[in-house]
$ cat upload-v7.txt   # compact mmCIF, N, CA and C atoms
# COMPACT_ATOMS: atom_id res chain seq x y z
N MET I 17 85.55 78.05 0.97
CA MET I 17 84.95 77.05 0.14
C MET I 17 84.98 75.68 0.79
N ALA I 18 85.98 75.44 1.60
CA ALA I 18 86.09 74.14 2.21
C ALA I 18 85.01 73.91 3.26
N ASN I 19 84.43 75.01 3.77
CA ASN I 19 83.43 74.87 4.82
C ASN I 19 82.01 74.78 4.28
N ARG I 20 81.84 74.83 2.97
CA ARG I 20 80.49 74.74 2.41
C ARG I 20 79.99 73.31 2.44
N PRO I 21 78.70 73.11 2.62
CA PRO I 21 78.15 71.76 2.58
C PRO I 21 78.34 71.15 1.21
N VAL I 22 78.37 69.83 1.17
CA VAL I 22 78.64 69.11 -0.07
C VAL I 22 77.54 69.34 -1.09
N ASN I 23 76.30 69.38 -0.67
CA ASN I 23 75.21 69.49 -1.64
C ASN I 23 74.89 70.93 -2.01
N ALA I 24 75.68 71.87 -1.55
CA ALA I 24 75.44 73.27 -1.91
C ALA I 24 76.12 73.56 -3.24
N GLY I 25 75.36 73.57 -4.28
CA GLY I 25 75.90 73.85 -5.60
C GLY I 25 75.64 75.31 -5.95
N SER I 26 75.79 75.63 -7.18
CA SER I 26 75.50 77.00 -7.60
C SER I 26 74.00 77.11 -7.81
N GLY I 27 73.38 78.02 -7.12
CA GLY I 27 71.94 78.19 -7.26
C GLY I 27 71.21 77.46 -6.15
N ALA I 28 69.95 77.18 -6.41
CA ALA I 28 69.10 76.54 -5.40
C ALA I 28 69.38 75.04 -5.38
N ALA I 29 69.71 74.54 -4.23
CA ALA I 29 70.00 73.11 -4.10
C ALA I 29 68.72 72.37 -3.73
N ALA I 30 68.56 71.21 -4.28
CA ALA I 30 67.40 70.39 -3.98
C ALA I 30 67.61 69.69 -2.63
N ALA I 31 66.52 69.38 -1.99
CA ALA I 31 66.60 68.68 -0.71
C ALA I 31 67.14 67.28 -0.95
N PRO I 32 67.94 66.75 -0.03
CA PRO I 32 68.47 65.41 -0.21
C PRO I 32 67.35 64.37 -0.17
N PRO I 33 67.56 63.25 -0.82
CA PRO I 33 66.51 62.22 -0.82
C PRO I 33 66.32 61.67 0.59
N PRO I 34 65.12 61.21 0.92
CA PRO I 34 64.89 60.69 2.27
C PRO I 34 65.65 59.39 2.49
N VAL I 35 66.09 59.21 3.71
CA VAL I 35 66.80 58.00 4.10
C VAL I 35 65.78 57.08 4.77
N PRO I 36 65.82 55.77 4.50
CA PRO I 36 64.80 54.88 5.04
C PRO I 36 64.67 54.92 6.57
N HIS I 37 65.77 55.12 7.28
CA HIS I 37 65.66 55.11 8.73
C HIS I 37 65.14 56.41 9.30
N ASP I 38 64.96 57.45 8.46
CA ASP I 38 64.42 58.71 8.93
C ASP I 38 62.90 58.64 9.12
N ALA I 39 62.25 57.76 8.40
CA ALA I 39 60.80 57.67 8.49
C ALA I 39 60.40 57.12 9.84
N ALA I 40 59.19 57.46 10.25
CA ALA I 40 58.68 56.95 11.52
C ALA I 40 58.54 55.43 11.43
N PRO I 41 58.90 54.73 12.47
CA PRO I 41 58.80 53.27 12.41
C PRO I 41 57.35 52.83 12.30
N ALA I 42 57.13 51.84 11.49
CA ALA I 42 55.78 51.31 11.32
C ALA I 42 55.46 50.46 12.54
N THR I 43 54.26 50.62 13.03
CA THR I 43 53.87 49.82 14.19
C THR I 43 53.22 48.56 13.69
N HIS I 44 53.79 47.48 14.04
CA HIS I 44 53.27 46.18 13.67
C HIS I 44 52.75 45.52 14.93
N ALA I 45 51.61 44.98 14.87
CA ALA I 45 51.07 44.25 16.01
C ALA I 45 51.73 42.88 16.06
N ALA I 46 52.27 42.54 17.20
CA ALA I 46 52.90 41.24 17.35
C ALA I 46 51.82 40.17 17.36
N PRO I 47 52.08 39.07 16.67
CA PRO I 47 51.07 38.01 16.67
C PRO I 47 50.93 37.44 18.08
N ALA I 48 49.72 37.16 18.43
CA ALA I 48 49.43 36.63 19.76
C ALA I 48 50.00 35.22 19.88
N VAL I 49 50.71 34.99 20.96
CA VAL I 49 51.31 33.69 21.21
C VAL I 49 50.36 32.93 22.13
N PRO I 50 49.95 31.74 21.73
CA PRO I 50 49.04 31.01 22.61
C PRO I 50 49.75 30.62 23.90
N ALA I 51 49.01 30.65 24.98
CA ALA I 51 49.57 30.30 26.28
C ALA I 51 49.90 28.82 26.31
N ALA I 52 50.97 28.49 27.02
CA ALA I 52 51.37 27.09 27.14
C ALA I 52 50.36 26.36 28.01
N PRO I 53 50.11 25.11 27.68
CA PRO I 53 49.15 24.37 28.51
C PRO I 53 49.72 24.16 29.91
N ALA I 54 48.85 24.18 30.87
CA ALA I 54 49.28 24.01 32.26
C ALA I 54 49.77 22.59 32.48
N VAL I 55 50.89 22.49 33.18
CA VAL I 55 51.46 21.18 33.48
C VAL I 55 50.97 20.77 34.86
N PRO I 56 50.39 19.60 34.98
CA PRO I 56 49.90 19.20 36.31
C PRO I 56 51.07 18.99 37.26
N ALA I 57 50.86 19.30 38.51
CA ALA I 57 51.90 19.15 39.52
C ALA I 57 52.14 17.67 39.78
N ALA I 58 53.35 17.34 40.13
CA ALA I 58 53.70 15.96 40.42
C ALA I 58 53.09 15.56 41.75
N PRO I 59 52.76 14.29 41.90
CA PRO I 59 52.22 13.84 43.19
C PRO I 59 53.23 14.07 44.31
N ALA I 60 52.74 14.12 45.53
CA ALA I 60 53.58 14.46 46.67
C ALA I 60 54.74 13.47 46.85
N GLY I 61 54.52 12.20 46.63
CA GLY I 61 55.57 11.22 46.85
C GLY I 61 56.40 10.96 45.62
N HIS I 62 56.21 11.71 44.54
CA HIS I 62 56.90 11.47 43.27
C HIS I 62 58.33 11.99 43.34
N ARG I 63 59.26 11.17 42.92
CA ARG I 63 60.66 11.59 42.89
C ARG I 63 60.97 12.16 41.51
N ALA I 64 61.92 13.08 41.44
CA ALA I 64 62.31 13.69 40.17
C ALA I 64 62.97 12.63 39.28
N THR I 65 62.71 12.74 38.01
CA THR I 65 63.31 11.80 37.08
C THR I 65 64.79 12.08 36.94
N ARG I 66 65.50 11.16 36.34
CA ARG I 66 66.95 11.31 36.17
C ARG I 66 67.27 12.55 35.34
N ALA I 67 66.48 12.81 34.30
CA ALA I 67 66.72 13.99 33.46
C ALA I 67 66.54 15.26 34.27
N ALA I 68 65.54 15.28 35.12
CA ALA I 68 65.31 16.47 35.94
C ALA I 68 66.43 16.63 36.97
N ARG I 69 66.93 15.53 37.49
CA ARG I 69 68.01 15.62 38.47
C ARG I 69 69.31 16.07 37.84
N THR I 70 69.56 15.68 36.61
CA THR I 70 70.82 16.06 35.98
C THR I 70 70.82 17.50 35.53
N THR I 71 69.65 18.11 35.37
CA THR I 71 69.62 19.51 34.95
C THR I 71 69.79 20.44 36.14
N ARG I 72 69.65 19.93 37.33
CA ARG I 72 69.86 20.77 38.50
C ARG I 72 71.34 21.13 38.60
N THR I 73 71.59 22.30 39.12
CA THR I 73 72.98 22.73 39.27
C THR I 73 73.28 22.94 40.74
N THR I 74 74.53 22.95 41.04
CA THR I 74 74.94 23.19 42.42
C THR I 74 74.81 24.67 42.73
N ARG I 75 74.88 24.99 44.00
CA ARG I 75 74.75 26.39 44.41
C ARG I 75 75.88 27.23 43.83
N ALA I 76 77.07 26.66 43.78
CA ALA I 76 78.22 27.40 43.26
C ALA I 76 78.05 27.71 41.78
N ALA I 77 77.44 26.81 41.02
CA ALA I 77 77.26 27.05 39.59
C ALA I 77 76.13 28.03 39.34
N ARG I 78 75.09 28.01 40.20
CA ARG I 78 73.97 28.93 40.01
C ARG I 78 74.32 30.34 40.42
N ASP I 79 75.14 30.49 41.43
CA ASP I 79 75.41 31.79 42.02
C ASP I 79 76.63 32.43 41.36
N PRO I 80 76.45 33.47 40.55
CA PRO I 80 77.60 34.09 39.88
C PRO I 80 78.42 34.99 40.80
N ARG I 81 77.91 35.27 42.00
CA ARG I 81 78.64 36.14 42.90
C ARG I 81 79.92 35.46 43.39
N PRO I 82 80.97 36.23 43.62
CA PRO I 82 82.20 35.61 44.14
C PRO I 82 81.99 35.13 45.57
N SER I 83 82.76 34.16 45.94
CA SER I 83 82.67 33.59 47.28
C SER I 83 83.25 34.58 48.30
N LYS I 84 82.85 34.39 49.56
CA LYS I 84 83.43 35.25 50.61
C LYS I 84 84.90 34.91 50.83
N LEU I 85 85.30 33.70 50.45
CA LEU I 85 86.71 33.32 50.58
C LEU I 85 87.55 33.82 49.42
N ALA I 86 86.95 34.51 48.46
CA ALA I 86 87.68 34.98 47.30
C ALA I 86 88.70 36.05 47.67
N TRP I 87 88.55 36.69 48.80
CA TRP I 87 89.51 37.70 49.23
C TRP I 87 90.79 37.06 49.74
N LEU I 88 90.73 35.81 50.18
CA LEU I 88 91.87 35.19 50.83
C LEU I 88 93.12 35.10 49.95
N PRO I 89 93.05 34.59 48.70
CA PRO I 89 94.28 34.55 47.89
C PRO I 89 94.86 35.93 47.63
N TYR I 90 93.99 36.89 47.39
CA TYR I 90 94.45 38.25 47.14
C TYR I 90 95.14 38.81 48.38
N LEU I 91 94.55 38.59 49.55
CA LEU I 91 95.14 39.11 50.78
C LEU I 91 96.47 38.44 51.10
N ILE I 92 96.60 37.16 50.76
CA ILE I 92 97.87 36.47 50.99
C ILE I 92 98.97 37.07 50.13
N VAL I 93 98.67 37.30 48.85
CA VAL I 93 99.66 37.90 47.94
C VAL I 93 99.97 39.33 48.37
N LEU I 94 98.94 40.08 48.74
CA LEU I 94 99.14 41.46 49.17
C LEU I 94 99.97 41.52 50.46
N ALA I 95 99.68 40.63 51.39
CA ALA I 95 100.45 40.62 52.65
C ALA I 95 101.91 40.24 52.39
N GLY I 96 102.14 39.30 51.48
CA GLY I 96 103.52 38.93 51.16
C GLY I 96 104.28 40.08 50.51
N ALA I 97 103.62 40.78 49.59
CA ALA I 97 104.29 41.91 48.93
C ALA I 97 104.53 43.06 49.92
N ALA I 98 103.56 43.33 50.78
CA ALA I 98 103.73 44.40 51.77
C ALA I 98 104.83 44.06 52.77
N THR I 99 104.88 42.80 53.20
CA THR I 99 105.95 42.39 54.12
C THR I 99 107.31 42.48 53.45
N GLY I 100 107.38 42.12 52.18
CA GLY I 100 108.64 42.26 51.44
C GLY I 100 109.08 43.71 51.34
N MET I 101 108.11 44.60 51.12
CA MET I 101 108.46 46.03 51.08
C MET I 101 108.97 46.52 52.44
N LEU I 102 108.32 46.07 53.51
CA LEU I 102 108.77 46.48 54.84
C LEU I 102 110.16 45.93 55.17
N ILE I 103 110.44 44.70 54.75
CA ILE I 103 111.77 44.13 54.97
C ILE I 103 112.81 44.90 54.16
N ALA I 104 112.50 45.21 52.91
CA ALA I 104 113.44 45.95 52.08
C ALA I 104 113.67 47.36 52.61
N TRP I 105 112.69 47.92 53.30
CA TRP I 105 112.79 49.27 53.83
C TRP I 105 113.76 49.34 55.01
N GLN I 106 114.07 48.22 55.63
CA GLN I 106 114.90 48.20 56.83
C GLN I 106 116.34 48.64 56.57
N GLY I 107 116.81 48.45 55.38
CA GLY I 107 118.18 48.86 55.09
C GLY I 107 118.71 48.12 53.88
N SER I 108 119.88 48.54 53.43
CA SER I 108 120.43 47.99 52.19
C SER I 108 120.79 46.51 52.31
N GLU I 109 121.09 46.04 53.51
CA GLU I 109 121.43 44.62 53.65
C GLU I 109 120.21 43.71 53.57
N TYR I 110 119.00 44.28 53.68
CA TYR I 110 117.78 43.48 53.64
C TYR I 110 117.00 43.61 52.33
N VAL I 111 117.51 44.40 51.40
CA VAL I 111 116.78 44.64 50.15
C VAL I 111 116.61 43.35 49.36
N GLY I 112 117.63 42.52 49.30
CA GLY I 112 117.54 41.27 48.56
C GLY I 112 116.48 40.33 49.14
N ARG I 113 116.42 40.26 50.47
CA ARG I 113 115.41 39.41 51.10
C ARG I 113 114.00 39.93 50.84
N GLY I 114 113.85 41.25 50.95
CA GLY I 114 112.53 41.84 50.69
C GLY I 114 112.08 41.65 49.25
N ALA I 115 113.00 41.86 48.31
CA ALA I 115 112.66 41.66 46.90
C ALA I 115 112.36 40.19 46.62
N GLY I 116 113.08 39.30 47.28
CA GLY I 116 112.81 37.87 47.13
C GLY I 116 111.42 37.51 47.61
N LEU I 117 110.99 38.12 48.73
CA LEU I 117 109.65 37.85 49.25
C LEU I 117 108.58 38.42 48.33
N ILE I 118 108.84 39.58 47.75
CA ILE I 118 107.88 40.17 46.80
C ILE I 118 107.75 39.28 45.56
N GLY I 119 108.88 38.85 45.01
CA GLY I 119 108.84 37.98 43.84
C GLY I 119 108.17 36.65 44.14
N ALA I 120 108.44 36.09 45.31
CA ALA I 120 107.82 34.82 45.68
C ALA I 120 106.32 34.98 45.86
N SER I 121 105.87 36.09 46.44
CA SER I 121 104.43 36.26 46.61
C SER I 121 103.74 36.50 45.27
N LEU I 122 104.41 37.13 44.31
CA LEU I 122 103.82 37.25 42.97
C LEU I 122 103.73 35.89 42.29
N LEU I 123 104.71 35.04 42.49
CA LEU I 123 104.65 33.68 41.93
C LEU I 123 103.55 32.85 42.61
N VAL I 124 103.34 33.07 43.89
CA VAL I 124 102.23 32.40 44.59
C VAL I 124 100.90 32.89 44.02
N GLY I 125 100.83 34.18 43.70
CA GLY I 125 99.63 34.71 43.06
C GLY I 125 99.38 34.07 41.70
N ALA I 126 100.45 33.85 40.94
CA ALA I 126 100.30 33.19 39.64
C ALA I 126 99.81 31.76 39.82
N LEU I 127 100.35 31.07 40.80
CA LEU I 127 99.93 29.69 41.06
C LEU I 127 98.48 29.64 41.54
N ALA I 128 98.11 30.56 42.41
CA ALA I 128 96.73 30.61 42.90
C ALA I 128 95.76 30.90 41.76
N ARG I 129 96.12 31.81 40.88
CA ARG I 129 95.23 32.13 39.74
C ARG I 129 95.13 30.96 38.80
N LEU I 130 96.20 30.19 38.65
CA LEU I 130 96.18 29.04 37.77
C LEU I 130 95.31 27.92 38.32
N ILE I 131 95.39 27.68 39.62
CA ILE I 131 94.70 26.55 40.23
C ILE I 131 93.24 26.85 40.55
N LEU I 132 92.97 28.02 41.11
CA LEU I 132 91.63 28.33 41.60
C LEU I 132 90.68 28.67 40.47
N PRO I 133 89.40 28.27 40.58
CA PRO I 133 88.40 28.73 39.61
C PRO I 133 88.15 30.22 39.80
N GLU I 134 87.56 30.86 38.80
CA GLU I 134 87.41 32.31 38.83
C GLU I 134 86.57 32.79 40.01
N ARG I 135 85.63 31.97 40.44
CA ARG I 135 84.78 32.36 41.56
C ARG I 135 85.59 32.51 42.84
N TYR I 136 86.64 31.72 43.01
CA TYR I 136 87.45 31.75 44.22
C TYR I 136 88.75 32.53 44.04
N ALA I 137 89.06 32.98 42.84
CA ALA I 137 90.29 33.74 42.62
C ALA I 137 90.15 35.18 43.07
N GLY I 138 88.95 35.67 43.16
CA GLY I 138 88.70 37.02 43.67
C GLY I 138 89.36 38.09 42.84
N LEU I 139 90.07 38.98 43.50
CA LEU I 139 90.70 40.11 42.81
C LEU I 139 91.94 39.72 42.03
N LEU I 140 92.40 38.49 42.18
CA LEU I 140 93.51 38.04 41.33
C LEU I 140 93.04 37.86 39.89
N ALA I 141 91.74 37.68 39.69
CA ALA I 141 91.18 37.48 38.36
C ALA I 141 90.70 38.82 37.82
N SER I 142 91.53 39.45 37.02
CA SER I 142 91.14 40.73 36.44
C SER I 142 91.00 40.65 34.92
N ARG I 143 91.64 39.65 34.32
CA ARG I 143 91.56 39.45 32.87
C ARG I 143 91.31 37.98 32.63
N ARG I 144 91.66 37.51 31.43
CA ARG I 144 91.56 36.07 31.17
C ARG I 144 92.59 35.36 32.03
N LYS I 145 92.35 34.09 32.28
CA LYS I 145 93.22 33.32 33.16
C LYS I 145 94.65 33.28 32.63
N ALA I 146 94.81 33.08 31.32
CA ALA I 146 96.16 32.97 30.75
C ALA I 146 96.95 34.26 30.94
N SER I 147 96.32 35.40 30.70
CA SER I 147 97.05 36.66 30.83
C SER I 147 97.33 36.99 32.29
N ASP I 148 96.42 36.63 33.20
CA ASP I 148 96.69 36.86 34.62
C ASP I 148 97.87 36.03 35.10
N VAL I 149 97.87 34.74 34.75
CA VAL I 149 98.95 33.86 35.19
C VAL I 149 100.27 34.31 34.57
N LEU I 150 100.24 34.64 33.28
CA LEU I 150 101.46 35.08 32.61
C LEU I 150 102.00 36.37 33.23
N GLY I 151 101.13 37.31 33.51
CA GLY I 151 101.56 38.57 34.11
C GLY I 151 102.18 38.38 35.48
N PHE I 152 101.48 37.64 36.35
CA PHE I 152 102.03 37.38 37.68
C PHE I 152 103.35 36.62 37.60
N ALA I 153 103.42 35.62 36.73
CA ALA I 153 104.63 34.80 36.65
C ALA I 153 105.81 35.60 36.11
N VAL I 154 105.59 36.41 35.10
CA VAL I 154 106.69 37.19 34.51
C VAL I 154 107.20 38.23 35.51
N PHE I 155 106.28 38.97 36.13
CA PHE I 155 106.72 39.97 37.10
C PHE I 155 107.36 39.34 38.33
N GLY I 156 106.79 38.22 38.79
CA GLY I 156 107.36 37.53 39.94
C GLY I 156 108.76 37.00 39.64
N ALA I 157 108.92 36.40 38.45
CA ALA I 157 110.25 35.88 38.09
C ALA I 157 111.25 37.01 37.90
N ALA I 158 110.82 38.14 37.34
CA ALA I 158 111.73 39.27 37.15
C ALA I 158 112.18 39.83 38.49
N VAL I 159 111.25 40.01 39.42
CA VAL I 159 111.63 40.55 40.72
C VAL I 159 112.50 39.54 41.47
N LEU I 160 112.20 38.26 41.34
CA LEU I 160 113.02 37.24 41.99
C LEU I 160 114.43 37.19 41.40
N ALA I 161 114.54 37.39 40.08
CA ALA I 161 115.86 37.43 39.45
C ALA I 161 116.66 38.64 39.94
N VAL I 162 116.00 39.78 40.11
CA VAL I 162 116.68 40.95 40.65
C VAL I 162 117.13 40.68 42.09
N ALA I 163 116.27 40.01 42.85
CA ALA I 163 116.61 39.72 44.24
C ALA I 163 117.81 38.78 44.32
N ILE I 164 117.90 37.84 43.42
CA ILE I 164 119.03 36.92 43.42
C ILE I 164 120.32 37.65 42.98
N ALA I 165 120.17 38.59 42.06
CA ALA I 165 121.33 39.32 41.55
C ALA I 165 121.88 40.32 42.56
N LEU I 166 121.05 40.76 43.51
CA LEU I 166 121.52 41.72 44.51
C LEU I 166 122.50 41.04 45.46
N PRO I 167 123.50 41.78 45.91
CA PRO I 167 124.48 41.18 46.83
C PRO I 167 123.91 40.94 48.21
$ encode --input "upload-v7.txt" --output "structure tokens"
Amino acid sequence: MANRPVNAGSGAAAAPPPVPHDAAPATHAAPAVPAAPAVPAAPAGHRATRAARTTRTTRAARDPRPSKLAWLPYLIVLAGAATGMLIAWQGSEYVGRGAGLIGASLLVGALARLILPERYAGLLASRRKASDVLGFAVFGAAVLAVAIALP
């Protein structure tokens, strides 16, 4: 009984009422929009007005693509963390130094994410700026605290 459709009663069930979105969409002709009048070109020696000059944007603002230098902060943090791992791998007497370098490079990543605009932050920018900075700072401080606590 639990598997029976809801509208299946005893006897012949009537067809459900039509739903408005089931009907074929009505085709409406879009009203014709008159073409904009042609604007005459400015004379050859004419300078742009102040309003036209202020609406122009710089290349960095127009171009949403990340800069080629956006890899640099990420590579610096990555190189610091990898070097810290290699130092810590050398033996138990170097673990504190390696962990200190890892924590410091995470803090540098937090500082870089805080200072740099998103276009230049590259792969350090994965979420909102506040959460990126908070994440890098908390993990960097935690690893640095462990490094300080190690003998």
$ closest_residue --input "upload-v7.txt" --among "I:Leu122, I:Ala161, I:Ile103, I:Ala31" --to "Tyr90 in chain I" --atoms "only C-alpha atoms"
I:Leu122
$ axis_aligned_box --input "upload-v7.txt" --around "range 158-161 of chain I" --padding-each-side "8 Å" --output "JSON"
{"center_x": 113.7, "center_y": 38.9, "center_z": 39.6, "size_x": 21.8, "size_y": 19.4, "size_z": 20.8}
$ closest_residue --input "upload-v7.txt" --among "I:Ser121, I:Gly156, I:Val162, I:Arg129" --to "Arg143 in chain I" --atoms "only C-alpha atoms"
I:Arg129
$ atom_distance --input "upload-v7.txt" --atom1 "atom C of Gly114 in chain I" --atom2 "atom N of Val149 in chain I"
21.4 Å
$ atom_distance --input "upload-v7.txt" --atom1 "CA of Gly138 in chain I" --atom2 "CA of Ala157 in chain I"
22.3 Å
